[in-house]
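The file coords.pdb contains PDB, C-alpha atoms:
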```
ATOM      1  CA  MET A1196       1.325  -3.432  10.465
ATOM      2  CA  HIS A1197       3.199  -0.655   8.730
ATOM      3  CA  LEU A1198       1.406  -1.370   5.445
ATOM      4  CA  LEU A1199      -1.968  -1.525   7.175
ATOM      5  CA  ALA A1200      -1.295   1.800   8.856
ATOM      6  CA  LEU A1201      -0.347   3.253   5.493
ATOM      7  CA  LEU A1202      -3.511   1.920   3.842
ATOM      8  CA  ALA A1203      -5.651   3.202   6.700
ATOM      9  CA  ASN A1204      -4.275   6.697   6.221
ATOM     10  CA  PRO A1205      -6.889   8.842   4.402
ATOM     11  CA  ASN A1206      -4.070  10.720   2.636
ATOM     12  CA  THR A1207      -2.867   7.457   1.105
ATOM     13  CA  MET A1208      -6.299   6.655  -0.213
ATOM     14  CA  ALA A1209      -6.689  10.176  -1.599
ATOM     15  CA  ALA A1210      -3.282   9.890  -3.274
ATOM     16  CA  VAL A1211      -4.093   6.501  -4.804
ATOM     17  CA  THR A1212      -7.457   7.767  -6.056
ATOM     18  CA  GLY A1213      -5.768  10.810  -7.559
ATOM     19  CA  LEU A1214      -3.159   8.649  -9.213
ATOM     20  CA  ILE A1215      -5.748   6.324 -10.746
ATOM     21  CA  SER A1216      -7.692   9.338 -11.982
ATOM     22  CA  LEU A1217      -4.536  10.749 -13.589
ATOM     23  CA  ILE A1218      -3.668   7.458 -15.313
ATOM     24  CA  ASP A1219      -7.253   7.152 -16.518
ATOM     25  CA  PHE A1220      -7.089  10.702 -17.865
ATOM     26  CA  GLY A1221      -3.841  10.031 -19.765
ATOM     27  CA  THR A1222      -5.193   6.807 -21.258
ATOM     28  CA  ASN A1223      -8.391   8.545 -22.262
ATOM     29  CA  ARG A1224      -6.467  11.345 -24.000
ATOM     30  CA  LEU A1225      -4.289   8.933 -25.946
ATOM     31  CA  GLN A1226      -7.398   7.019 -27.038
ATOM     32  CA  ALA A1227      -9.055  10.268 -28.127
ATOM     33  CA  LEU A1228      -5.946  11.144 -30.120
ATOM     34  CA  ALA A1229      -5.958   7.768 -31.870
ATOM     35  CA  ALA A1230      -9.693   8.083 -32.571
ATOM     36  CA  LYS A1231      -9.344  11.535 -34.135
ATOM     37  CA  GLN A1232      -6.449  10.407 -36.315
ATOM     38  CA  ALA A1233      -8.308   7.240 -37.378
ATOM     39  CA  GLU A1234     -11.416   9.259 -38.203
ATOM     40  CA  ALA A1235      -9.504  11.594 -40.505
ATOM     41  CA  LYS A1236      -7.574   8.720 -42.072
ATOM     42  CA  ALA A1237     -10.795   6.814 -42.813
ATOM     43  CA  GLU A1238     -12.054   9.893 -44.645
ATOM     44  CA  GLY A1239      -8.798  10.077 -46.573
ATOM     45  CA  ARG A1240      -7.826  13.496 -45.253
ATOM     46  CA  GLU A1241      -5.535  15.153 -42.736
ATOM     47  CA  LEU A1242      -6.776  16.649 -39.502
ATOM     48  CA  THR A1243      -8.007  20.235 -39.723
ATOM     49  CA  TYR A1244      -8.458  23.023 -37.196
ATOM     50  CA  ALA A1245     -12.181  22.149 -37.077
ATOM     51  CA  ASP A1246     -11.288  18.662 -35.762
ATOM     52  CA  VAL A1247      -9.247  20.194 -32.968
ATOM     53  CA  ALA A1248     -11.686  22.981 -32.016
ATOM     54  CA  PRO A1249     -13.722  20.897 -29.499
ATOM     55  CA  ILE A1250     -10.484  19.743 -27.839
ATOM     56  CA  ILE A1251      -9.374  23.382 -27.550
ATOM     57  CA  GLU A1252     -12.579  24.160 -25.670
ATOM     58  CA  GLU A1253     -11.891  21.193 -23.352
ATOM     59  CA  THR A1254      -8.391  22.533 -22.705
ATOM     60  CA  ARG A1255      -9.699  26.000 -21.888
ATOM     61  CA  ARG A1256     -12.207  24.551 -19.411
ATOM     62  CA  LEU A1257      -9.532  22.376 -17.767
ATOM     63  CA  GLN A1258      -7.166  25.348 -17.612
ATOM     64  CA  ALA A1259      -9.783  27.453 -15.829
ATOM     65  CA  GLU A1260     -10.402  24.608 -13.331
ATOM     66  CA  VAL A1261      -6.692  24.139 -12.595
ATOM     67  CA  ILE A1262      -6.108  27.886 -12.160
ATOM     68  CA  ALA A1263      -9.017  27.997  -9.685
ATOM     69  CA  GLN A1264      -7.475  25.011  -7.852
ATOM     70  CA  LEU A1265      -4.077  26.712  -7.760
ATOM     71  CA  GLU A1266      -5.593  29.957  -6.485
ATOM     72  CA  GLN A1267      -6.913  27.983  -3.535
ATOM     73  CA  ALA A1268      -3.533  26.265  -3.073
ATOM     74  CA  ALA A1269      -1.800  29.655  -3.186
ATOM     75  CA  LYS A1270      -3.651  30.637  -0.007
ATOM     76  CA  GLN A1271      -1.963  27.794   1.884
ATOM     77  CA  PRO A1272       1.309  28.688   3.612
TER      78      PRO A1272
ATOM     79  CA  MET B  60       4.017   8.397  -0.839
ATOM     80  CA  ARG B  61       4.338  11.920  -2.180
ATOM     81  CA  LYS B  62       7.528  10.945  -3.982
ATOM     82  CA  LEU B  63       5.639   8.066  -5.574
ATOM     83  CA  ILE B  64       2.829  10.359  -6.704
ATOM     84  CA  VAL B  65       5.255  12.859  -8.155
ATOM     85  CA  ALA B  66       7.191  10.109  -9.958
ATOM     86  CA  ALA B  67       4.015   8.593 -11.426
ATOM     87  CA  THR B  68       2.701  12.030 -12.355
ATOM     88  CA  LEU B  69       5.953  12.852 -14.042
ATOM     89  CA  LEU B  70       5.925   9.601 -16.002
ATOM     90  CA  LEU B  71       2.374  10.178 -17.175
ATOM     91  CA  ALA B  72       3.051  13.777 -18.099
ATOM     92  CA  ALA B  73       6.144  12.698 -20.009
ATOM     93  CA  ALA B  74       4.112  10.035 -21.813
ATOM     94  CA  CYS B  75       1.416  12.544 -22.752
ATOM     95  CA  GLY B  76       3.850  15.315 -23.506
ATOM     96  CA  SER B  77       6.744  13.666 -25.243
ATOM     97  CA  LEU B  78       5.705  10.356 -26.760
ATOM     98  CA  ALA B  79       2.545  11.629 -28.452
ATOM     99  CA  ILE B  80       4.179  14.850 -29.593
ATOM    100  CA  ASP B  81       6.591  13.007 -31.888
ATOM    101  CA  ARG B  82       3.844  11.549 -34.061
ATOM    102  CA  PRO B  83       2.112  14.475 -35.829
ATOM    103  CA  SER B  84       2.234  14.945 -39.591
ATOM    104  CA  SER B  85       0.213  18.132 -40.264
ATOM    105  CA  ALA B  86      -0.197  21.465 -38.478
ATOM    106  CA  ALA B  87      -3.596  20.464 -37.040
ATOM    107  CA  ASP B  88      -2.083  17.123 -36.010
ATOM    108  CA  TRP B  89       0.640  19.027 -34.160
ATOM    109  CA  LEU B  90      -1.977  21.210 -32.541
ATOM    110  CA  LEU B  91      -4.049  18.218 -31.426
ATOM    111  CA  VAL B  92      -1.193  16.376 -29.739
ATOM    112  CA  THR B  93       0.047  19.599 -28.175
ATOM    113  CA  GLU B  94      -3.453  20.243 -26.811
ATOM    114  CA  PHE B  95      -3.434  16.773 -25.259
ATOM    115  CA  ALA B  96       0.063  17.273 -23.889
ATOM    116  CA  TYR B  97      -1.038  20.584 -22.411
ATOM    117  CA  GLN B  98      -4.113  18.946 -20.918
ATOM    118  CA  GLY B  99      -1.872  16.239 -19.392
ATOM    119  CA  ALA B 100       0.419  18.895 -17.947
ATOM    120  CA  LEU B 101      -2.523  20.866 -16.550
ATOM    121  CA  LYS B 102      -3.994  17.752 -15.004
ATOM    122  CA  SER B 103      -0.630  16.854 -13.443
ATOM    123  CA  VAL B 104      -0.263  20.302 -11.923
ATOM    124  CA  GLY B 105      -3.862  20.169 -10.684
ATOM    125  CA  GLN B 106      -3.219  16.782  -9.053
ATOM    126  CA  ALA B 107      -0.012  18.062  -7.473
ATOM    127  CA  ALA B 108      -1.944  21.025  -6.051
ATOM    128  CA  ALA B 109      -4.655  18.695  -4.759
ATOM    129  CA  ALA B 110      -2.011  16.491  -3.104
ATOM    130  CA  GLY B 111      -0.515  19.558  -1.415
ATOM    131  CA  VAL B 112       2.749  19.257  -3.351
ATOM    132  CA  ILE B 113       2.184  22.676  -4.937
ATOM    133  CA  LYS B 114       1.000  25.378  -2.549
ATOM    134  CA  GLY B 115       1.682  28.911  -1.384
ATOM    135  CA  GLU B 116       4.203  30.822  -3.460
ATOM    136  CA  ASN B 117       4.759  27.809  -5.721
ATOM    137  CA  ALA B 118       1.073  27.777  -6.605
ATOM    138  CA  THR B 119       1.340  31.433  -7.592
ATOM    139  CA  LYS B 120       4.334  30.571  -9.788
ATOM    140  CA  ALA B 121       2.351  27.700 -11.306
ATOM    141  CA  ILE B 122      -0.485  30.081 -12.195
ATOM    142  CA  ALA B 123       2.006  32.371 -13.926
ATOM    143  CA  ALA B 124       3.462  29.386 -15.826
ATOM    144  CA  ILE B 125      -0.007  28.323 -16.949
ATOM    145  CA  LYS B 126      -0.777  31.828 -18.149
ATOM    146  CA  GLY B 127       2.469  31.829 -20.125
ATOM    147  CA  ALA B 128       1.687  28.421 -21.619
ATOM    148  CA  SER B 129      -1.841  29.572 -22.377
ATOM    149  CA  ALA B 130      -0.546  32.580 -24.325
ATOM    150  CA  ALA B 131       1.823  30.347 -26.331
ATOM    151  CA  MET B 132      -0.998  27.900 -27.043
ATOM    152  CA  GLU B 133      -3.298  30.712 -28.220
ATOM    153  CA  THR B 134      -0.606  31.914 -30.635
ATOM    154  CA  PHE B 135      -0.203  28.373 -31.937
ATOM    155  CA  ARG B 136      -3.984  27.913 -32.311
ATOM    156  CA  ALA B 137      -4.278  31.207 -34.184
ATOM    157  CA  ALA B 138      -1.426  30.198 -36.517
ATOM    158  CA  VAL B 139      -3.102  26.876 -37.354
ATOM    159  CA  ALA B 140      -6.537  28.490 -37.748
ATOM    160  CA  ALA B 141      -5.051  31.065 -40.140
ATOM    161  CA  GLY B 142      -3.383  28.321 -42.198
ATOM    162  CA  GLU B 143       0.109  29.604 -41.442
ATOM    163  CA  SER B 144       3.052  27.493 -42.559
ATOM    164  CA  GLY B 145       6.841  27.541 -42.658
ATOM    165  CA  THR B 146       8.898  29.436 -40.132
ATOM    166  CA  LYS B 147       5.974  31.298 -38.584
ATOM    167  CA  LEU B 148       4.212  28.027 -37.748
ATOM    168  CA  ASP B 149       7.439  26.368 -36.607
ATOM    169  CA  VAL B 150       8.083  29.224 -34.188
ATOM    170  CA  ALA B 151       4.551  28.921 -32.784
ATOM    171  CA  VAL B 152       4.910  25.126 -32.430
ATOM    172  CA  ALA B 153       8.284  25.439 -30.712
ATOM    173  CA  ALA B 154       6.996  28.110 -28.296
ATOM    174  CA  ALA B 155       3.925  26.058 -27.389
ATOM    175  CA  ARG B 156       5.943  22.872 -26.878
ATOM    176  CA  ALA B 157       8.512  24.693 -24.767
ATOM    177  CA  ALA B 158       5.764  26.234 -22.629
ATOM    178  CA  VAL B 159       4.084  22.846 -22.124
ATOM    179  CA  ALA B 160       7.449  21.263 -21.278
ATOM    180  CA  GLU B 161       8.018  23.981 -18.658
ATOM    181  CA  LEU B 162       4.636  23.224 -17.163
ATOM    182  CA  ILE B 163       5.379  19.487 -17.069
ATOM    183  CA  LYS B 164       8.575  20.227 -15.161
ATOM    184  CA  LEU B 165       6.696  22.294 -12.612
ATOM    185  CA  ALA B 166       5.380  19.544 -10.316
ATOM    186  CA  PRO B 167       8.703  17.687  -9.937
ATOM    187  CA  LYS B 168      10.429  21.047  -9.458
ATOM    188  CA  GLN B 169       8.655  21.406  -6.108
ATOM    189  CA  GLN B 170       9.996  17.971  -5.152
ATOM    190  CA  ALA B 171      13.505  18.710  -6.384
ATOM    191  CA  GLN B 172      14.396  20.416  -3.118
ATOM    192  CA  ARG B 173      14.137  17.033  -1.401
ATOM    193  CA  GLN B 174      15.146  14.707  -4.252
ATOM    194  CA  PRO B 175      17.323  16.431  -6.850
ATOM    195  CA  SER B 176      16.680  14.226  -9.864
ATOM    196  CA  GLY B 177      14.400  14.237 -12.914
ATOM    197  CA  PRO B 178      14.085  13.037 -16.491
ATOM    198  CA  ALA B 179      15.706  14.712 -19.454
ATOM    199  CA  ASN B 180      13.551  17.187 -21.333
ATOM    200  CA  ASP B 181      13.577  16.360 -25.028
ATOM    201  CA  ASN B 182      11.833  19.037 -27.009
ATOM    202  CA  GLY B 183      12.871  17.527 -30.321
ATOM    203  CA  PRO B 184      14.521  19.278 -33.227
ATOM    204  CA  PRO B 185      13.154  22.570 -34.576
ATOM    205  CA  GLY B 186      11.849  22.908 -38.133
ATOM    206  CA  GLU B 187      10.079  19.537 -38.083
ATOM    207  CA  LEU B 188       7.066  20.784 -40.038
ATOM    208  CA  GLU B 189       9.165  22.408 -42.732
ATOM    209  CA  ARG B 190      11.135  19.214 -43.233
ATOM    210  CA  ARG B 191       7.944  17.183 -43.454
ATOM    211  CA  ALA B 192       6.390  19.647 -45.906
ATOM    212  CA  ALA B 193       9.470  19.600 -48.157
TER     213      ALA B 193
END
```
Here is a file; write its structure as structure tokens.
Amino acid sequence: MHLLALLANPNTMAAVTGLISLIDFGTNRLQALAAKQAEAKAEGRELTYADVAPIIEETRRLQAEVIAQLEQAAKQP
Amino acid sequence: MRKLIVAATLLLAAACGSLAIDRPSSAADWLLVTEFAYQGALKSVGQAAAAGVIKGENATKAIAAIKGASAAMETFRAAVAAGESGTKLDVAVAAARAAVAELIKLAPKQQAQRQPSGPANDNGPPGELERRAA
């Protein structure tokens, strides 16, 4: 009964969904890292700034999203 | 449940932040893994905010920490883009890694008031790039 009550709680489901999303994100990033390194290796060269530039843009977008999220969270007591 | 989320978040952030960061061989390689570590840290903080673990004054502190990390990352990016090497690059790498590590510690820090424990923060030895280049 306790487990069922826990599973029925919308907060639990939101937490589980968030957790899965986070694990998926981490896995995806590690795969992207391996892909970039493999790409450069196949071409017989080291990574350059140009390889990283699109990732930098991704980071900047994510950073803006998280700051917006935190600004909302900051309004909560 | 919140403790579980924070623990899992911390593990993932540590995996993104620490394990990957030990692999790079060139400056751009370092930048790439640090970008991913930073993204992992940002995502973790975002998730913690969404779960209500970070809110109020702590959220304001988190914003300040992100801005600090962002500045360190920009310095690092500029150093790599300009083809810097040696001490100047090492300093930029160390600052960026330290800033990302601080950000990773942020989410569990909110939890620390209730459960005072956390993993060790291994930033690795300084001068890694110089040693590799030698």
When you get a sec, could you note down which chain B residues fall within 6 Å of chain A, using only C-alpha atoms, as a list in words? Ala87, Asp88, Leu91, Gln98, Gly105, Lys114, Gly115, Ala118, Thr119 and Ala140 of chain B
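If you look at CA of Ala130 in chain B and CA of Ala1230 in chain A, they are 27.4 Å away from each other.
Relative to CA of Ala158 in chain B, CA of Lys126 in chain B is found at 9.7 Å.
Contact shell of Arg156 in chain B at 9 Å (all atoms listed in the file; same-chain neighbours under 2 positions omitted): Gly76, Ile80, Thr93, Ala96, Tyr97, Ala128, Ala131, Met132, Ala151, Val152, Ala153, Ala154, Ala158, Val159, Ala160, Glu161 and Asn182 of chain B.
The shortest atom-to-atom distance to Ser84 in chain B, with all atoms listed in the file taken into account, belongs to A:Arg1240 out of A:Pro1249, A:Leu1199, A:Asn1223, A:Arg1240.
One finds CA of Lys102 in chain B at 29.3 Å from CA of Glu143 in chain B.
The shortest atom-to-atom distance to Asp1219 in chain A, with all atoms listed in the file taken into account, belongs to B:Gly99 out of B:Gly99, B:Thr134, B:Ala86, B:Asn117.
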Is it possible to add N, CA, C and O atoms to range 1227-1241 of chain A and hand it back as a PDB file, keeping the file's coordinate frame?
```pdb
ATOM      1  N   ALA A1227      -8.383   9.212 -27.354  1.00  0.00           N
ATOM      2  CA  ALA A1227      -9.055  10.268 -28.127  1.00  0.00           C
ATOM      3  C   ALA A1227      -8.189  10.701 -29.296  1.00  0.00           C
ATOM      4  O   ALA A1227      -8.692  10.939 -30.404  1.00  0.00           O
ATOM      5  N   LEU A1228      -6.885  10.770 -29.058  1.00  0.00           N
ATOM      6  CA  LEU A1228      -5.946  11.144 -30.120  1.00  0.00           C
ATOM      7  C   LEU A1228      -5.988  10.113 -31.247  1.00  0.00           C
ATOM      8  O   LEU A1228      -6.129  10.466 -32.425  1.00  0.00           O
ATOM      9  N   ALA A1229      -5.920   8.843 -30.871  1.00  0.00           N
ATOM     10  CA  ALA A1229      -5.958   7.768 -31.870  1.00  0.00           C
ATOM     11  C   ALA A1229      -7.275   7.797 -32.636  1.00  0.00           C
ATOM     12  O   ALA A1229      -7.295   7.624 -33.863  1.00  0.00           O
ATOM     13  N   ALA A1230      -8.376   8.065 -31.937  1.00  0.00           N
ATOM     14  CA  ALA A1230      -9.693   8.083 -32.571  1.00  0.00           C
ATOM     15  C   ALA A1230      -9.788   9.214 -33.599  1.00  0.00           C
ATOM     16  O   ALA A1230     -10.276   9.017 -34.717  1.00  0.00           O
ATOM     17  N   LYS A1231      -9.306  10.385 -33.222  1.00  0.00           N
ATOM     18  CA  LYS A1231      -9.344  11.535 -34.135  1.00  0.00           C
ATOM     19  C   LYS A1231      -8.517  11.259 -35.393  1.00  0.00           C
ATOM     20  O   LYS A1231      -8.931  11.564 -36.508  1.00  0.00           O
ATOM     21  N   GLN A1232      -7.329  10.696 -35.172  1.00  0.00           N
ATOM     22  CA  GLN A1232      -6.449  10.407 -36.315  1.00  0.00           C
ATOM     23  C   GLN A1232      -7.077   9.346 -37.215  1.00  0.00           C
ATOM     24  O   GLN A1232      -7.047   9.466 -38.434  1.00  0.00           O
ATOM     25  N   ALA A1233      -7.684   8.313 -36.599  1.00  0.00           N
ATOM     26  CA  ALA A1233      -8.308   7.240 -37.378  1.00  0.00           C
ATOM     27  C   ALA A1233      -9.489   7.769 -38.172  1.00  0.00           C
ATOM     28  O   ALA A1233      -9.696   7.394 -39.330  1.00  0.00           O
ATOM     29  N   GLU A1234     -10.235   8.681 -37.550  1.00  0.00           N
ATOM     30  CA  GLU A1234     -11.416   9.259 -38.203  1.00  0.00           C
ATOM     31  C   GLU A1234     -11.002  10.002 -39.482  1.00  0.00           C
ATOM     32  O   GLU A1234     -11.594   9.817 -40.542  1.00  0.00           O
ATOM     33  N   ALA A1235      -9.979  10.827 -39.354  1.00  0.00           N
ATOM     34  CA  ALA A1235      -9.504  11.594 -40.505  1.00  0.00           C
ATOM     35  C   ALA A1235      -8.937  10.664 -41.579  1.00  0.00           C
ATOM     36  O   ALA A1235      -9.186  10.850 -42.774  1.00  0.00           O
ATOM     37  N   LYS A1236      -8.195   9.651 -41.137  1.00  0.00           N
ATOM     38  CA  LYS A1236      -7.574   8.720 -42.072  1.00  0.00           C
ATOM     39  C   LYS A1236      -8.644   7.957 -42.862  1.00  0.00           C
ATOM     40  O   LYS A1236      -8.520   7.763 -44.070  1.00  0.00           O
ATOM     41  N   ALA A1237      -9.708   7.556 -42.160  1.00  0.00           N
ATOM     42  CA  ALA A1237     -10.795   6.814 -42.813  1.00  0.00           C
ATOM     43  C   ALA A1237     -11.454   7.671 -43.887  1.00  0.00           C
ATOM     44  O   ALA A1237     -11.951   7.157 -44.885  1.00  0.00           O
ATOM     45  N   GLU A1238     -11.455   8.980 -43.664  1.00  0.00           N
ATOM     46  CA  GLU A1238     -12.054   9.893 -44.645  1.00  0.00           C
ATOM     47  C   GLU A1238     -11.031  10.344 -45.686  1.00  0.00           C
ATOM     48  O   GLU A1238     -11.322  11.201 -46.525  1.00  0.00           O
ATOM     49  N   GLY A1239      -9.843   9.779 -45.601  1.00  0.00           N
ATOM     50  CA  GLY A1239      -8.798  10.077 -46.573  1.00  0.00           C
ATOM     51  C   GLY A1239      -8.314  11.505 -46.536  1.00  0.00           C
ATOM     52  O   GLY A1239      -7.993  12.099 -47.566  1.00  0.00           O
ATOM     53  N   ARG A1240      -8.270  12.101 -45.372  1.00  0.00           N
ATOM     54  CA  ARG A1240      -7.826  13.496 -45.253  1.00  0.00           C
ATOM     55  C   ARG A1240      -6.954  13.669 -44.013  1.00  0.00           C
ATOM     56  O   ARG A1240      -6.903  12.771 -43.160  1.00  0.00           O
ATOM     57  N   GLU A1241      -6.317  14.833 -43.929  1.00  0.00           N
ATOM     58  CA  GLU A1241      -5.535  15.153 -42.736  1.00  0.00           C
ATOM     59  C   GLU A1241      -6.435  15.875 -41.745  1.00  0.00           C
ATOM     60  O   GLU A1241      -7.499  16.390 -42.122  1.00  0.00           O
TER      61      GLU A1241
END
```
